[in-house]
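Only one structure is covered here, and it is reproduced in the block below.
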Number of protein chains: 2
Amino acid sequence: MKSEPSAPPAAPFAPLVEDLLAALPEGRVLLDPDVIAGLSHDEAEWAPVGRAAAVVRALTTEDVRSTVEVCLRHRAPVIARGAGTGLSGGANAVDGCVVVSLDRMTDIVEIDPLERLAVVGPGVVNDDLRAAVAEHGLWYPPDPASSPWSTIGGNVATNAGGLCCVKYGVTRDYVLELEMVTGTAEVVRLGRRTAKGVAGYDLAGLVVGSEGTLGIVTEVTVRLRPLPGPAVTVAGFFSDVVTAGEAVRAVGAAGITPAALELVDRHCLRAVDEWKNMGLSLEADVVLLARLDDPGETAERMADQVVACFQDAGATWAERSTDPEEAEALFAARRLAYPAVGRLGPVLTEDVCVPREHIPAMLGRIDEIGRRHDVTIANIAHAGDGNLHPLLLTEHGDDAARGRAQLAFEEILDAALALGGTVTGEHGVGLLKAGGLTRELDPAVLALHRAVKSALDPAWLLNPGKIFAPPPDVPAIPHRSGGAA
Amino acid sequence: MKSEPSAPPAAPFAPLVEDLLAALPEGRVLLDPDVIAGLSHDEAEWAPVGRAAAVVRALTTEDVRSTVEVCLRHRAPVIARGAGTGLSGGANAVDGCVVVSLDRMTDIVEIDPLERLAVVGPGVVNDDLRAAVAEHGLWYPPDPASSPWSTIGGNVATNAGGLCCVKYGVTRDYVLELEMVTGTAEVVRLGRRTAKGVAGYDLAGLVVGSEGTLGIVTEVTVRLRPLPGPAVTVAGFFSDVVTAGEAVRAVGAAGITPAALELVDRHCLRAVDEWKNMGLSLEADVVLLARLDDPGETAERMADQVVACFQDAGATWAERSTDPEEAEALFAARRLAYPAVGRLGPVLTEDVCVPREHIPAMLGRIDEIGRRHDVTIANIAHAGDGNLHPLLLTEHGDDAARGRAQLAFEEILDAALALGGTVTGEHGVGLLKAGGLTRELDPAVLALHRAVKSALDPAWLLNPGKIFAPPPDVPAIPHRSGGAA
């Protein structure tokens with residue numbers, strides 16, 4: 001459960017709300033306290049949530065522009081959100097802000113099979129985009145595990161990755177053009193529709209992954225690929241995470257690029273099985289799943305190499321799947337791991353990414369940190385990328401456990417940095433990793449970030465306080481810390 | 001021939017030069033007027049060239065940092081250059097500037113086969129990087145036709161493309177991390193070494209393609225791929241560019257992604273043959289070359305499809321090459337086309353890129369514009385990307401022809417924009433396309449560019465006047481227009 005403010009909008013918001021009501025078509029401005037509370041946070045556990053003045057449920061770019069214009073006049077922060085599946089608090093409200101919900105901007109404007117691109121509203125759900133383009137034999141690769149729920153706008157905000165990005169890249173690799181509303185309430189188009197182009201700075205790429213702090217994206221043109229052919233799946237069972245990590249490193253050292261190389265542990269498999277009754281085997285402590293999708297005989301040859309890598313590293317069992325349904329069930333279980341574990345209690349989700357060489361060491365450090373702080377840690381990972389998602393599990397109402405989990409969370413960030421890694425591979429900094437970011441980036445680099453932010457959003461109106469704190473000369477916007485769940 | 005100022009540095013530069021000499025190790029500051037003149041321009045025809053105060057031939061990051069520090073004190077512009085193979089005037093000197101030549105920073109610092117990355121100095125020549133990583137079975141894909149001469153630093157500055165980017169992407173897709181000296185003389189590292197990472201804005205990606213206006217790159221960490229297997233080549237002969245363009249569109253419509261799909265016309269083939277005596281067939285007016293490198297039987301199946309696309313579009317001849325040497329000779333001829341044509345006289349090089357759908361129309365427009373202005377136009381193209389390089393040929397000393405070529409140049413830019421294209425696909429804006437850029441980008445988007453430039457280089461010290469003019473409140477730096485050759 002998230003902390004959800006339930007009081008009605010405070011009186012000081014009245015002039016702002018009046019102007020929003022005047023500027024926007026009827027029905028766009030939502031003032032019901034429960035509705036506001038429900039749309040004021042993402043899925044990040046224990047990230048602070050402020051009290052929003054209103055939610056604007058935008059249907060058009062002009063709705064967004066008008067909202068920013070009104071907020072600029074009132075110096076009210078603007079927080080954009082999609083489906084709210086974020087895991088870092090990036091879409092959490094700050095006090096006195098207006099939340100702009102883009103989840104109804106679901107137009108699929110265009111699918112162009114020759115140019116291999118699609119133009120979509122930010123509220124289009126990732127899986128809906130995939131389904132629409134698949135009808136043309138095309139594929140939108142970025143596949144965060146949240147793809148049944150998360151929106152393209154949110155994927156753009158966090159530069160979402162997913163299972164297949166070990167081979168096919170992340171959201172930024174697929175964004176050609178953006179329409180966006182700036183912090184000065186202008187509508188601009190950034191990027192291009194052509195296959196190549198270097199006319200000016202890559203501002204579209206800059207906006208991808210900027211977590212709503214540089215502009216509010218109102219339309220996205222994405223690059224597509226042909227649908228890949230059938231894939232071969234390899235599964236391997238391991239008795240501990242470090243051995244599984246060694247197998248992952250061995251696949252990399254063999255020069256193999258799988259289309260996915262995922263790790264999921266017994267905690268997660270059990271949680272999925274208890275929820276969905278999928279009849280998953282719970283024999284292994286850790287499972288690695290590899291998918292090979294190269295054409296012709298190549299995939300089968302590579303699959304045999306992956307089996308050998310798993311066995312040589314010490315798998316208790318490793319085989320090519322001969323049953324496509326079974327293979328699909330294993331990947332489905334991987335995708336369901338996060339919500340399944342989330343059903344059991346509050347979860348702090350890590351997103352560290354380390355060089356491949358250090359995957360075994362990092363998995364070992366996570367295990368050790370969990371034991372030392374008496375925190376149960378479930379593991380899922382885009383292991384082939386070194387992008388690990390240890391899930392720190394607690395129980396509702398156990399404040400001591402929460403404290404221990406938060407200490408372990410920060411220690412895992414530091415361990416990743418010590419191994420040359422990053423505090424966030426794909427979820428974004430949001431609020432939960434803002435401290436980690438200051439440990440990852442040099443002050444001079446953080447100063448460049450603030451300069452870019454000031455350049456594109458001079459009033460620091462857009463999602464202030466996310467990623468990094470505003471500089472001292474920008475008036476601080478107070479956060480109301482969320483209570484314990 | 002370029003216009004090369006030959007007068008010695010003017011007296012007003014003396015205090016700047018004195019401080020450079022004091023700040024840098026012996027031998028780094030070059031003052032010989034002929035040396036300065038030779039390092040004051042790239043290969044762009046008729047782009048204005050100013051008179052530099054000095055050249056600093058940097059050997060270390062600290063050399064670059066010291067140079068920027070001195071220049072900041074004197075408010076002297078700093079122009080970074082690599083091999084000077086640019087085609088837009090991006091590395092041309094402006095009056096009173098210091099040229100920082102990075103061509104001696106040629107260290108290959110690290111090659112990591114497991115992470116598939118290499119760390120190199122900006123002066124490493126593209127082909128030298130490829131050769132070094134090939135020893136580890138690895139491949140650096142971006143392959144501008146200038147790869148035997150151009151440097152990685154220059155490739156980063158222009159976000160260079162090349163033949164294989166139709167399948168494998170451009171320089172930005174391969175840059176993981178950059179070390180750079182900012183316009184405030186700080187050394188920063190941007191980006192990351194991990195496979196994924198979203199800790200902060202993608203400032204490394206922003207710097208790629210910024211043509212030396214946001215920082216001077218002193219080290220580059222590039223992503224590598226495994227070396228591709230053997231490729232199959234298809235050649236097709238066509239009697240005109242529009243028919244060849246239709247064949248290119250047909251390949252795209254068939255859903256085929258070749259590893260290269262190049263166009264080269266008879267003008268270019270003849271120029272190469274006259275230079276290198278390669279015994280090239282000159283039967284065709286236009287040749288298309290496709291390379292297919294998918295594993296196993298797939299490449300051969302795709303090659304047959306490409307042959308069919310060429311034939312259906314109206315090729316006079318199309319076949320899979322059965323002779324690898326012959327296939328390599330055709331690609332070598334393609335790569336040599338630009339310097340071969342350049343031997344014949346001054347060449348204005350276009351770099352427009354249009355959506356695939358409009359490739360035939362754009363090739364037709366180029367032909368028509370050439371005829372109307374009485375300008376001979378040779379064509380090379382990364383046709384599969386829609387990235388066309390019509391070469392506008394003139395003769396030395398023919399001012400009337402120069403005037404007609406410059407008119408045709410601008411009309412081709414406008415024709416590309418009218419078809420939804422861009423004025424530059426991979427060469428950069430530099431000076432030659434600064435006018436085109438203002439026609440391509442909205443004023444609001446240009447204002448965002450200037451804001452980003454001001455944020456990262458507050459003194460507008462780095463390569464001022466390239467891409468766009470400084471805003472009025474930045475003191476203008478006069479250009480000395482180059483005379484006719």
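We label chains A, B, ... in the order they appear in the structure tokens, count residues from 1 in each chain, and number ligands from 1 in the order shown.
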### Task
Output the contact residues of chain A with respect to chain B at a cut-off of 6 Å, based on only C-alpha atoms, as a VMD selection string.
chain A and resid 114 194 to 199 201 to 202 206 210 253 354 to 355 385 424 to 426 428 451 to 452 455
### Task
If you run DSSP over the backbone, which residues in region 246-449 of chain A end up strand (DSSP E or B)? Put them as JSON, numbers by chain.
{"A": [260, 261, 262, 263, 264, 265, 286, 287, 288, 289, 290, 291, 292, 317, 318, 319, 320, 347, 348, 349, 353, 376, 377, 378, 379, 380, 381, 382, 387, 388, 389, 390, 391, 392, 393, 422]}
### Query
region 15-28 of chain A: which residues within 10 Å, counting only C-alpha atoms, same-chain residues fewer than 5 positions away excluded, as a PyMOL selection string?
chain A and resi 9+53-59+62-71+73-76+96-98+100-101
### Task
Work out how far apart CA of His136 (chain B) and CA of Thr221 (chain B) are and give it in Å to one decimal.
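Separating CA of His136 (chain B) from CA of Thr221 (chain B) is a distance of 16.3 Å.
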### Query
Among region 263-331 of chain B, which residues carry a DSSP assignment of alpha helix (DSSP H), reported as an MDAnalysis selection string?
chainID B and resid 266:276 298:313 324:331
Dump as a short mmCIF file (atom, residue, chain, number, x, y, z; two decimals), in the first residue's frame, selection limited to N, CA and C atoms:
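Writing done, so here's again11.cif:
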data_model
loop_
_atom_site.label_atom_id
_atom_site.label_comp_id
_atom_site.auth_asym_id
_atom_site.auth_seq_id
_atom_site.Cartn_x
_atom_site.Cartn_y
_atom_site.Cartn_z
N ARG B 266 27.89 6.68 -62.83
CA ARG B 266 28.96 6.53 -63.80
C ARG B 266 30.05 7.60 -63.63
N HIS B 267 29.62 8.84 -63.30
CA HIS B 267 30.61 9.90 -63.06
C HIS B 267 31.64 9.44 -62.04
N CYS B 268 31.14 8.86 -60.96
CA CYS B 268 32.03 8.47 -59.86
C CYS B 268 32.88 7.28 -60.26
N LEU B 269 32.23 6.28 -60.89
CA LEU B 269 32.99 5.08 -61.28
C LEU B 269 34.12 5.47 -62.24
N ARG B 270 33.81 6.37 -63.17
CA ARG B 270 34.84 6.76 -64.14
C ARG B 270 35.98 7.48 -63.43
N ALA B 271 35.63 8.37 -62.49
CA ALA B 271 36.67 9.11 -61.78
C ALA B 271 37.57 8.16 -60.98
N VAL B 272 36.96 7.16 -60.36
CA VAL B 272 37.75 6.19 -59.60
C VAL B 272 38.64 5.39 -60.54
N ASP B 273 38.06 4.96 -61.64
CA ASP B 273 38.82 4.12 -62.57
C ASP B 273 39.99 4.88 -63.18
N GLU B 274 39.77 6.15 -63.50
CA GLU B 274 40.85 6.94 -64.08
C GLU B 274 41.98 7.15 -63.08
N TRP B 275 41.61 7.16 -61.80
CA TRP B 275 42.60 7.39 -60.75
C TRP B 275 43.34 6.10 -60.39
N LYS B 276 42.56 5.04 -60.21
CA LYS B 276 43.13 3.82 -59.62
C LYS B 276 43.27 2.66 -60.60
N THR B 298 20.44 -17.55 -44.66
CA THR B 298 19.57 -16.38 -44.72
C THR B 298 20.09 -15.32 -45.69
N ALA B 299 21.39 -15.08 -45.64
CA ALA B 299 21.96 -14.04 -46.51
C ALA B 299 21.72 -14.38 -47.98
N GLU B 300 21.86 -15.65 -48.32
CA GLU B 300 21.69 -16.02 -49.73
C GLU B 300 20.23 -15.89 -50.16
N ARG B 301 19.34 -16.27 -49.25
CA ARG B 301 17.91 -16.12 -49.56
C ARG B 301 17.57 -14.64 -49.75
N MET B 302 18.10 -13.79 -48.83
CA MET B 302 17.83 -12.36 -48.94
C MET B 302 18.46 -11.79 -50.21
N ALA B 303 19.64 -12.29 -50.58
CA ALA B 303 20.29 -11.80 -51.80
C ALA B 303 19.41 -12.07 -53.02
N ASP B 304 18.80 -13.24 -53.03
CA ASP B 304 17.91 -13.55 -54.16
C ASP B 304 16.72 -12.58 -54.19
N GLN B 305 16.22 -12.25 -52.99
CA GLN B 305 15.12 -11.28 -52.94
C GLN B 305 15.56 -9.91 -53.45
N VAL B 306 16.78 -9.52 -53.09
CA VAL B 306 17.28 -8.21 -53.55
C VAL B 306 17.41 -8.21 -55.08
N VAL B 307 17.95 -9.30 -55.62
CA VAL B 307 18.06 -9.40 -57.09
C VAL B 307 16.67 -9.22 -57.72
N ALA B 308 15.68 -9.88 -57.13
CA ALA B 308 14.32 -9.78 -57.67
C ALA B 308 13.79 -8.35 -57.57
N CYS B 309 14.06 -7.69 -56.45
CA CYS B 309 13.62 -6.28 -56.29
C CYS B 309 14.27 -5.41 -57.37
N PHE B 310 15.56 -5.60 -57.59
CA PHE B 310 16.27 -4.81 -58.59
C PHE B 310 15.66 -5.05 -59.98
N GLN B 311 15.46 -6.34 -60.29
CA GLN B 311 14.93 -6.67 -61.62
C GLN B 311 13.53 -6.12 -61.81
N ASP B 312 12.69 -6.30 -60.80
CA ASP B 312 11.30 -5.82 -60.92
C ASP B 312 11.25 -4.31 -61.08
N ALA B 313 12.22 -3.62 -60.47
CA ALA B 313 12.21 -2.15 -60.56
C ALA B 313 12.72 -1.67 -61.92
N PRO B 324 34.28 -12.81 -54.65
CA PRO B 324 34.44 -11.90 -53.51
C PRO B 324 35.37 -10.73 -53.84
N GLU B 325 36.40 -10.97 -54.66
CA GLU B 325 37.32 -9.88 -54.98
C GLU B 325 36.63 -8.79 -55.80
N GLU B 326 35.81 -9.24 -56.74
CA GLU B 326 35.07 -8.28 -57.56
C GLU B 326 34.11 -7.47 -56.67
N ALA B 327 33.45 -8.18 -55.75
CA ALA B 327 32.51 -7.50 -54.85
C ALA B 327 33.26 -6.47 -54.01
N GLU B 328 34.41 -6.85 -53.49
CA GLU B 328 35.17 -5.93 -52.65
C GLU B 328 35.63 -4.72 -53.48
N ALA B 329 35.99 -4.97 -54.75
CA ALA B 329 36.44 -3.87 -55.61
C ALA B 329 35.32 -2.85 -55.82
N LEU B 330 34.09 -3.35 -55.97
CA LEU B 330 32.97 -2.42 -56.16
C LEU B 330 32.78 -1.56 -54.91
N PHE B 331 32.85 -2.17 -53.73
CA PHE B 331 32.70 -1.37 -52.51
C PHE B 331 33.89 -0.42 -52.33
#
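The list of residues with at least one atom within 10 Å of Val220 (chain B), based on only C-alpha atoms and without residues fewer than 5 positions apart in the same chain, reads Ile108, Val109, Ala118, Val119, Val120, Gly121, Pro122, Val124, Ile152, Gly153, Val156, Tyr174, Val175, Leu176, Glu177, Leu178, Glu179, Met180, Arg189, Leu190 and Ala204 of chain B.
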### Message
List as a ChimeraX atom specification the protein and nucleic acid residues near region 389-406 of chain B, meaning an atom at most 6 Å away when only C-alpha atoms are counted, but skip any in the same chain fewer than 2 places from it.
### Response
/B:345-351,373,376-381,408-409
### Length of the CA of Thr61 (chain A) to CA of Leu432 (chain A) vector [Å]
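Result for CA of Thr61 (chain A) versus CA of Leu432 (chain A): 29.9 Å, one decimal.
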